[in-house]
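Structure file input13.txt with compact mmCIF, C-alpha atoms:
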```
# COMPACT_ATOMS: atom_id res chain seq x y z
CA MET A 108 250.14 2.38 103.25
CA PRO A 109 251.48 1.93 99.73
CA ARG A 110 254.42 4.12 98.81
CA PRO A 111 253.74 7.12 96.58
CA VAL A 112 254.19 6.42 92.89
CA THR A 113 257.32 8.50 92.40
CA GLU A 114 259.22 6.45 89.81
CA PRO A 115 258.03 4.51 86.76
CA ILE A 116 256.26 1.36 87.87
CA VAL A 117 257.04 -2.06 86.45
CA ILE A 118 253.85 -3.95 85.61
CA ALA A 119 254.27 -7.70 85.15
CA HIS A 120 252.12 -8.34 82.08
CA ARG A 121 250.13 -11.50 82.88
CA GLY A 122 252.89 -12.21 85.41
CA ALA A 123 256.43 -13.03 84.34
CA SER A 124 254.85 -14.38 81.18
CA GLY A 125 258.11 -14.54 79.27
CA SER A 126 259.29 -17.19 81.73
CA ARG A 127 256.16 -19.07 82.88
CA PRO A 128 252.74 -19.73 81.29
CA GLU A 129 250.76 -16.51 81.55
CA HIS A 130 248.07 -15.86 84.14
CA THR A 131 249.22 -18.54 86.57
CA LEU A 132 250.13 -18.07 90.21
CA ALA A 133 253.62 -19.29 89.28
CA ALA A 134 253.98 -16.48 86.73
CA TYR A 135 252.75 -13.88 89.21
CA ASP A 136 254.95 -15.22 91.99
CA LEU A 137 258.05 -15.18 89.80
CA ALA A 138 257.28 -11.61 88.73
CA ILE A 139 257.19 -10.58 92.38
CA ASP A 140 260.52 -12.32 92.98
CA GLN A 141 261.93 -10.37 90.05
CA GLY A 142 260.90 -7.05 91.57
CA ALA A 143 257.67 -6.15 89.76
CA ASP A 144 255.57 -3.49 91.44
CA PHE A 145 252.26 -4.75 90.03
CA ILE A 146 251.01 -8.07 88.70
CA GLU A 147 248.42 -7.94 85.94
CA PRO A 148 245.47 -10.34 85.72
CA ASP A 149 243.04 -10.19 82.80
CA LEU A 150 239.66 -11.05 84.30
CA VAL A 151 236.79 -13.08 82.86
CA PRO A 152 233.80 -14.60 84.71
CA THR A 153 232.90 -18.25 85.10
CA LYS A 154 229.39 -19.58 84.58
CA ASP A 155 228.83 -19.18 88.31
CA GLY A 156 230.12 -15.60 88.33
CA VAL A 157 233.64 -16.05 89.74
CA LEU A 158 236.34 -13.83 88.27
CA VAL A 159 239.35 -15.78 87.02
CA ALA A 160 242.53 -14.83 85.17
CA ARG A 161 242.70 -15.65 81.45
CA HIS A 162 243.88 -13.47 78.59
CA GLU A 163 240.61 -14.22 76.80
CA ASN A 164 237.42 -16.05 77.62
CA ALA A 165 238.36 -18.47 74.81
CA ILE A 166 240.61 -21.03 76.50
CA GLY A 167 241.47 -23.60 73.83
CA GLY A 168 244.95 -22.15 73.42
CA THR A 169 245.81 -21.53 77.09
CA THR A 170 244.51 -24.67 78.80
CA ASP A 171 244.34 -28.42 78.19
CA VAL A 172 240.55 -28.32 77.76
CA ALA A 173 240.80 -30.05 74.36
CA ALA A 174 242.24 -33.10 76.14
CA HIS A 175 239.15 -33.42 78.37
CA PRO A 176 236.56 -35.56 76.57
CA GLU A 177 233.97 -34.67 79.21
CA PHE A 178 234.03 -31.11 77.87
CA ALA A 179 234.05 -31.88 74.14
CA ASP A 180 230.45 -30.73 73.77
CA ARG A 181 231.27 -27.32 75.30
CA ARG A 182 233.16 -26.30 72.16
CA THR A 183 230.99 -23.76 70.39
CA THR A 184 230.95 -20.74 68.10
CA LYS A 185 230.36 -17.24 69.47
CA THR A 186 230.61 -13.67 68.27
CA ILE A 187 232.32 -11.43 70.80
CA ASP A 188 233.06 -7.78 70.05
CA SER A 189 232.34 -8.42 66.35
CA ALA A 190 234.80 -11.34 66.14
CA THR A 191 233.45 -14.85 65.51
CA LEU A 192 235.38 -17.71 67.10
CA THR A 193 234.92 -21.44 67.64
CA ASP A 194 236.46 -22.51 70.94
CA TRP A 195 235.75 -23.32 74.57
CA PHE A 196 234.71 -20.31 76.68
CA VAL A 197 235.18 -19.63 80.39
CA GLU A 198 231.58 -18.50 80.84
CA ASP A 199 230.36 -21.99 79.93
CA PHE A 200 232.24 -23.60 82.83
CA THR A 201 231.73 -23.47 86.57
CA LEU A 202 234.74 -22.65 88.70
CA ALA A 203 234.88 -26.26 89.88
CA GLU A 204 235.04 -27.43 86.28
CA LEU A 205 237.73 -24.90 85.36
CA LYS A 206 239.83 -26.05 88.30
CA THR A 207 240.11 -29.48 86.66
CA LEU A 208 241.94 -27.88 83.73
CA ARG A 209 245.63 -26.97 83.59
CA ALA A 210 247.34 -24.02 81.95
CA ARG A 211 249.32 -24.26 78.72
CA GLU A 212 251.79 -21.84 77.15
CA ARG A 213 249.98 -19.58 74.65
CA LEU A 214 253.07 -18.96 72.47
CA PRO A 215 254.98 -22.28 72.48
CA GLN A 216 256.71 -21.55 69.18
CA LEU A 217 258.27 -18.41 70.68
CA ARG A 218 258.61 -19.62 74.27
CA PRO A 219 259.35 -23.35 74.22
CA GLY A 220 260.86 -23.09 77.70
CA ASN A 221 257.47 -22.07 79.04
CA ALA A 222 255.82 -25.04 77.35
CA ALA A 223 257.86 -27.29 79.66
CA TYR A 224 255.50 -26.13 82.41
CA ASP A 225 252.34 -27.15 80.54
CA GLY A 226 249.97 -29.12 82.73
CA ARG A 227 251.37 -27.97 86.08
CA PHE A 228 249.27 -24.96 87.02
CA GLU A 229 245.60 -24.22 87.66
CA ILE A 230 243.58 -21.25 86.46
CA PRO A 231 243.72 -18.78 89.36
CA THR A 232 240.81 -16.78 90.73
CA LEU A 233 240.97 -13.07 91.47
CA ALA A 234 240.68 -13.92 95.17
CA GLU A 235 243.76 -16.15 94.93
CA ILE A 236 245.71 -13.41 93.16
CA ILE A 237 244.78 -10.83 95.79
CA ALA A 238 245.82 -13.28 98.51
CA LEU A 239 249.17 -13.83 96.77
CA ALA A 240 249.82 -10.08 96.51
CA LYS A 241 249.01 -9.56 100.18
CA ARG A 242 251.11 -12.52 101.31
CA ARG A 243 254.12 -11.47 99.25
CA THR A 244 253.75 -7.87 100.45
CA ALA A 245 254.09 -9.14 104.01
CA GLU A 246 257.02 -11.40 103.11
CA THR A 247 259.02 -8.92 101.05
CA GLY A 248 258.25 -5.66 102.80
CA ARG A 249 257.44 -4.21 99.36
CA THR A 250 253.95 -3.17 98.34
CA ILE A 251 252.82 -5.64 95.66
CA GLY A 252 249.87 -4.25 93.74
CA ILE A 253 247.47 -5.74 91.24
CA TYR A 254 246.50 -4.24 87.89
CA PRO A 255 243.35 -6.08 86.73
CA GLU A 256 241.88 -5.68 83.26
CA THR A 257 238.18 -6.13 82.63
CA LYS A 258 237.91 -8.14 79.41
CA HIS A 259 234.91 -7.66 77.09
CA PRO A 260 232.77 -5.97 79.77
CA THR A 261 229.91 -5.07 77.42
CA TYR A 262 229.69 -8.65 76.14
CA PHE A 263 229.68 -10.14 79.63
CA ALA A 264 227.07 -7.67 80.85
CA SER A 265 224.89 -8.67 77.88
CA ILE A 266 224.84 -12.30 79.04
CA GLY A 267 224.18 -11.48 82.68
CA LEU A 268 227.76 -11.87 83.89
CA GLY A 269 228.81 -8.26 84.36
CA THR A 270 232.30 -7.85 85.80
CA ASP A 271 232.30 -4.30 87.21
CA LEU A 272 230.41 -4.97 90.44
CA PRO A 273 232.16 -8.26 91.34
CA LEU A 274 235.57 -6.66 90.76
CA VAL A 275 234.83 -3.62 92.90
CA ALA A 276 233.32 -5.84 95.61
CA ALA A 277 236.41 -8.07 95.70
CA LEU A 278 238.71 -5.06 95.96
CA ARG A 279 236.57 -3.55 98.69
CA GLN A 280 236.67 -6.82 100.63
CA ALA A 281 240.45 -6.70 100.34
CA GLY A 282 240.41 -3.20 101.85
CA TRP A 283 241.26 -1.60 98.52
CA ASP A 284 238.78 1.20 97.87
CA ARG A 285 240.99 4.26 98.04
CA ALA A 286 242.91 6.31 95.49
CA ASP A 287 246.15 5.23 97.15
CA ALA A 288 245.28 1.52 97.20
CA PRO A 289 247.84 -0.66 95.38
CA VAL A 290 245.45 -1.19 92.47
CA PHE A 291 244.83 0.06 88.95
CA ILE A 292 241.74 -1.08 87.02
CA GLN A 293 242.13 -1.01 83.25
CA SER A 294 239.85 -1.47 80.27
CA PHE A 295 239.85 -0.97 76.50
CA GLU A 296 236.21 0.07 76.82
CA VAL A 297 235.01 3.41 78.13
CA ALA A 298 231.51 3.02 79.54
CA ASN A 299 232.52 0.43 82.11
CA LEU A 300 235.41 2.58 83.34
CA ARG A 301 233.01 5.48 83.75
CA HIS A 302 230.70 3.14 85.66
CA ILE A 303 233.53 1.89 87.88
CA HIS A 304 234.57 5.51 88.48
CA ARG A 305 231.21 6.00 90.20
CA LEU A 306 231.67 2.88 92.33
CA THR A 307 235.19 3.19 93.75
CA LYS A 308 238.07 5.57 94.35
CA VAL A 309 240.59 3.06 92.96
CA ARG A 310 242.70 4.49 90.12
CA LEU A 311 241.54 3.70 86.58
CA ILE A 312 243.51 3.33 83.36
CA GLN A 313 242.01 3.81 79.90
CA LEU A 314 243.66 1.37 77.54
CA MET A 315 244.10 2.38 73.90
CA ALA A 316 244.93 0.22 70.91
CA GLY A 317 246.92 1.35 67.92
CA GLU A 318 243.87 1.27 65.65
CA GLY A 319 240.09 0.97 65.81
CA GLY A 320 238.04 2.04 68.78
CA PRO A 321 236.38 0.76 71.95
CA ALA A 322 234.03 -2.19 71.51
CA ASP A 323 231.30 -0.27 73.32
CA HIS A 324 231.50 2.54 70.70
CA ALA A 325 231.50 5.12 73.47
CA VAL A 326 233.92 7.23 71.42
CA PRO A 327 234.55 7.18 67.66
CA SER A 328 238.11 5.86 67.82
CA TYR A 329 241.20 5.49 69.97
CA ALA A 330 242.86 8.07 67.74
CA ALA A 331 240.23 10.59 68.84
CA MET A 332 241.04 9.81 72.46
CA LEU A 333 244.71 10.56 71.87
CA THR A 334 244.13 14.18 70.90
CA PRO A 335 244.60 16.84 73.60
CA ALA A 336 240.82 17.22 73.83
CA GLY A 337 240.34 13.46 73.99
CA LEU A 338 242.91 13.16 76.75
CA ARG A 339 241.21 15.88 78.76
CA ALA A 340 237.98 13.90 78.51
CA VAL A 341 239.74 10.76 79.74
CA ALA A 342 241.08 12.75 82.68
CA GLY A 343 237.49 13.19 83.84
CA TYR A 344 237.31 9.56 84.95
CA ALA A 345 240.77 7.96 84.67
CA TYR A 346 244.11 8.35 86.41
CA GLY A 347 246.01 7.52 83.26
CA ILE A 348 246.18 5.83 79.88
CA GLY A 349 247.68 2.59 78.68
CA PRO A 350 248.63 3.16 75.03
CA ASP A 351 250.20 0.74 72.61
CA LYS A 352 253.94 1.39 72.93
CA ALA A 353 254.07 2.16 69.19
CA GLN A 354 251.91 5.23 69.86
CA LEU A 355 254.89 6.85 71.59
CA TRP A 356 256.69 7.09 68.26
CA GLN A 357 256.30 8.23 64.69
CA GLY A 358 259.09 6.23 63.14
CA ASP A 359 262.10 7.09 65.30
CA THR A 360 260.68 10.45 66.36
CA PRO A 361 258.75 10.76 69.62
CA THR A 362 255.12 11.77 69.36
CA THR A 363 253.71 14.35 71.75
CA LEU A 364 251.56 11.75 73.52
CA VAL A 365 253.44 11.67 76.84
CA ALA A 366 253.60 15.45 77.04
CA ASP A 367 249.96 15.81 75.99
CA ALA A 368 248.81 13.28 78.58
CA HIS A 369 250.81 14.96 81.33
CA ALA A 370 249.38 18.32 80.29
CA ALA A 371 245.92 16.80 80.76
CA GLY A 372 246.95 15.63 84.22
CA ILE A 373 247.09 11.89 83.52
CA LYS A 374 249.81 9.24 83.60
CA VAL A 375 251.12 7.05 80.77
CA HIS A 376 251.69 3.27 81.11
CA PRO A 377 252.48 1.84 77.63
CA TRP A 378 252.19 -1.83 76.72
CA THR A 379 253.81 -4.33 76.11
CA TYR A 380 257.61 -4.67 76.21
CA ARG A 381 258.67 -8.16 75.11
CA ALA A 382 262.11 -9.56 74.45
CA GLU A 383 261.44 -11.62 71.33
CA ASN A 384 262.49 -10.10 67.99
CA THR A 385 259.01 -10.51 66.56
CA PHE A 386 257.67 -7.99 69.07
CA LEU A 387 260.51 -5.48 68.79
CA PRO A 388 260.94 -2.52 66.42
CA PRO A 389 263.59 -3.26 63.76
CA ARG A 390 266.32 -1.20 65.40
CA PHE A 391 266.14 -3.34 68.57
CA ARG A 392 266.10 -6.78 66.90
CA ARG A 393 269.12 -9.04 67.04
CA GLY A 394 269.43 -11.52 64.17
CA ASP A 395 266.67 -12.97 62.00
CA ASP A 396 265.11 -15.55 64.33
CA PRO A 397 261.67 -14.23 65.39
CA ALA A 398 261.95 -16.08 68.72
CA ALA A 399 265.45 -14.84 69.55
CA HIS A 400 265.79 -12.11 72.12
CA GLY A 401 266.69 -8.62 71.01
CA ASP A 402 267.44 -5.44 72.91
CA ILE A 403 264.29 -5.09 75.02
CA ALA A 404 266.29 -3.09 77.57
CA GLY A 405 267.17 -0.57 74.89
CA GLU A 406 263.54 -0.17 73.90
CA ILE A 407 262.43 0.31 77.52
CA ARG A 408 265.28 2.74 78.19
CA ARG A 409 264.24 4.85 75.22
CA ALA A 410 260.65 5.01 76.46
CA LEU A 411 261.76 5.93 79.97
CA ARG A 412 263.60 8.93 78.54
CA LEU A 413 260.26 10.19 77.22
CA GLY A 414 258.95 10.42 80.79
CA ILE A 415 256.54 7.48 80.90
CA ASP A 416 255.12 6.73 84.34
CA GLY A 417 255.24 2.94 84.12
CA PHE A 418 255.23 0.13 81.59
CA PHE A 419 253.91 -3.36 80.99
CA THR A 420 256.45 -6.08 80.31
CA ASP A 421 256.51 -9.88 79.96
CA TYR A 422 260.04 -9.75 81.40
CA PRO A 423 259.80 -7.86 84.70
CA LEU A 424 263.38 -8.66 85.75
CA ILE A 425 264.69 -6.85 82.68
CA GLY A 426 262.22 -4.05 83.34
CA VAL A 427 263.37 -3.60 86.93
CA GLU A 428 267.05 -3.72 85.99
CA THR A 429 266.56 -1.23 83.15
CA ARG A 430 264.65 1.16 85.39
CA ARG A 431 267.43 0.96 87.98
CA ALA A 432 270.13 1.59 85.38
CA ALA A 433 268.18 4.51 83.92
CA LYS A 434 267.89 6.04 87.38
CA ASP A 435 271.59 5.59 88.09
CA HIS A 436 272.69 6.81 84.65
CA PRO A 437 269.96 9.03 83.19
```
Turn the structure described in the file into structure tokens.
Amino acid sequence: MPRPVTEPIVIAHRGASGSRPEHTLAAYDLAIDQGADFIEPDLVPTKDGVLVARHENAIGGTTDVAAHPEFADRRTTKTIDSATLTDWFVEDFTLAELKTLRARERLPQLRPGNAAYDGRFEIPTLAEIIALAKRRTAETGRTIGIYPETKHPTYFASIGLGTDLPLVAALRQAGWDRADAPVFIQSFEVANLRHIHRLTKVRLIQLMAGEGGPADHAVPSYAAMLTPAGLRAVAGYAYGIGPDKAQLWQGDTPTTLVADAHAAGIKVHPWTYRAENTFLPPRFRRGDDPAAHGDIAGEIRRALRLGIDGFFTDYPLIGVETRRAAKDHP
């Protein structure tokens, strides 16, 4: 049985994505080596309905698809969640076709070391990620969980490739259909989480962005969800929330979000803690180079003092070390 969640969990955001190209088995495996409690795959469906891990269904920036002349005619323009984009899209490829592609670093200008791994790794399936978590659980003696995100669920349902049922079925096949299973399912949308809540006992996390609202328009805005009343509504179907880390603060002053969420009976897992200056608040930056690493440990430590229940990070080793230091020297 998985251990009770009694200390803040470290969630490897797309794997150890600060050190390997994101959403690859290599990134997930390294995150496990570094002590992450959960590995996080963003899930999108192939043309033949297989769930695979990509940050977006547009894959021009995270694979070598542009170098495959046999797929040149797959480049197209689509409107997804009100955004229009010209690219190659996962749902236009079978799994067999996707397996001929290789992953590329999404942020080479910030992470040139990761770009050295371009061309080495396949796009993994959800089944392969589950198998990795189970194998590494057996090898390490630690419970390695997965924290899948359903990407654009309303859009995919509209084209006949709904992701809710395949995800729940895969988790059930893995033996993960209980509230204490080593799984969290997350989404920026609301209706699909409510649907999944009726399908499984697995814990659910309502993601919230710093502005705007869910693409399914199930609520007026994320800001409305962050009010005490909004949080109580979320508690009706979700175990916790995943807010933008900036929502924990008003300038340098903590907001009441963590306390309000706990008062509503739900957990708080903010995203995403990254080492590069460009992603850090000014007080934690070091120097003027956007790609240089600042004081990510300081930023995480400050959030831990607010009582968060876990956090997403591209650098799970730093996350694990900071959590340990915070526990030893609160």
Name the residues in contact with His162 in chain A at a cut-off of 10 Å, using all atoms listed in the file, excluding same-chain residues fewer than 5 positions from it; report them as an NGL selection string.
:A and (121 or 129-130 or 148-151 or 169 or 213 or 256 or 258)
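Shell of Phe145 in chain A at 9 Å, with only C-alpha atoms counted and residues fewer than 3 places along the chain excluded, is Ile116, Val117, Ile118, Ala119, His120, Gly122, Ala138, Ile139, Ala240, Thr250, Ile251, Gly252, Ile253, Tyr254, Pro289, Val290 and Phe291 of chain A.
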Store the residues picked out above, limited to C-alpha atoms, as a JSON list (two decimals), in the frame of the given file.
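Saved result, out.json, follows:
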```json
[["chain", "number", "residue", "atom", "x", "y", "z"],
["A", 116, "ILE", "CA", 256.26, 1.36, 87.87],
["A", 117, "VAL", "CA", 257.04, -2.06, 86.45],
["A", 118, "ILE", "CA", 253.85, -3.95, 85.61],
["A", 119, "ALA", "CA", 254.27, -7.70, 85.15],
["A", 120, "HIS", "CA", 252.12, -8.34, 82.08],
["A", 122, "GLY", "CA", 252.89, -12.21, 85.41],
["A", 138, "ALA", "CA", 257.28, -11.61, 88.73],
["A", 139, "ILE", "CA", 257.19, -10.58, 92.38],
["A", 240, "ALA", "CA", 249.82, -10.08, 96.51],
["A", 250, "THR", "CA", 253.95, -3.17, 98.34],
["A", 251, "ILE", "CA", 252.82, -5.64, 95.66],
["A", 252, "GLY", "CA", 249.87, -4.25, 93.74],
["A", 253, "ILE", "CA", 247.47, -5.74, 91.24],
["A", 254, "TYR", "CA", 246.50, -4.24, 87.89],
["A", 289, "PRO", "CA", 247.84, -0.66, 95.38],
["A", 290, "VAL", "CA", 245.45, -1.19, 92.47],
["A", 291, "PHE", "CA", 244.83, 0.06, 88.95]]
```
Report, in Å to a single decimal, how far apart CA of Pro273 in chain A and CA of Ala234 in chain A are.
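Calculated distance between CA of Ala234 in chain A and CA of Pro273 in chain A is 10.9 Å.
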Could you jot down the CA of Lys434 in chain A to CA of Gly248 in chain A separation for me, Å, one decimal place?
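Straight-line distance from CA of Lys434 in chain A to CA of Gly248 in chain A works out to 21.6 Å.
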I'd like the interatomic distance between CA of Val427 in chain A and CA of Leu338 in chain A, to a tenth of an Å.
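Between CA of Val427 in chain A and CA of Leu338 in chain A the gap works out to 28.3 Å.
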So which residues touch Glu383 in chain A within 10 Å, counting all atoms listed in the file, skipping near sequence neighbours fewer than 2 positions away, as a VMD selection string?
chain A and resid 125 217 to 218 380 to 381 385 to 387 391 to 393 396 to 403
Show which residues sit within 10 Å of Gly405 in chain A, as a compact mmCIF listing (two decimals) with C-alpha atoms, in the coordinates of the input. Count only C-alpha atoms, and ignore same-chain residues fewer than 4 positions away.
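Writing the result to result_34.txt gives the following:
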```
# COMPACT_ATOMS: atom_id res chain seq x y z
CA ARG A 390 266.32 -1.20 65.40
CA PHE A 391 266.14 -3.34 68.57
CA GLY A 401 266.69 -8.62 71.01
CA ARG A 409 264.24 4.85 75.22
CA ALA A 410 260.65 5.01 76.46
CA LEU A 411 261.76 5.93 79.97
CA THR A 429 266.56 -1.23 83.15
```
Contact residues around range 301-306 of chain A with only C-alpha atoms at 8 Å, ignoring same-chain residues under 4 positions, as a list of chain:residue names
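Final neighbour list, sorted by chain and number: A:Asp271, A:Leu272, A:Val275, A:Val297, A:Leu311, A:Tyr344, A:Ala345.
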Output C-alpha atoms for every residue in that selection, as a JSON list (two decimals), in the coordinates of the input.
```json
[["chain", "number", "residue", "atom", "x", "y", "z"],
["A", 271, "ASP", "CA", 232.30, -4.30, 87.21],
["A", 272, "LEU", "CA", 230.41, -4.97, 90.44],
["A", 275, "VAL", "CA", 234.83, -3.62, 92.90],
["A", 297, "VAL", "CA", 235.01, 3.41, 78.13],
["A", 311, "LEU", "CA", 241.54, 3.70, 86.58],
["A", 344, "TYR", "CA", 237.31, 9.56, 84.95],
["A", 345, "ALA", "CA", 240.77, 7.96, 84.67]]
```
Using all atoms of range 215-218 of chain A that appear in the file, construct an axis-aligned enclosing box with 5 Å of padding on every side and provide its centre coordinates and edge lengths in Å, rounded to one decimal, as AutoDock Vina command-line options.
```
--center_x 256.8 --center_y -20.3 --center_z 71.7 --size_x 13.6 --size_y 13.9 --size_z 15.1
```
Residue nearest Phe419 in chain A - candidates A:Asp194, A:Asp199, A:Asp144, A:Asp435, atoms counted: all atoms listed in the file
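Using all atoms listed in the file, Phe419 in chain A sits closest to A:Asp144.
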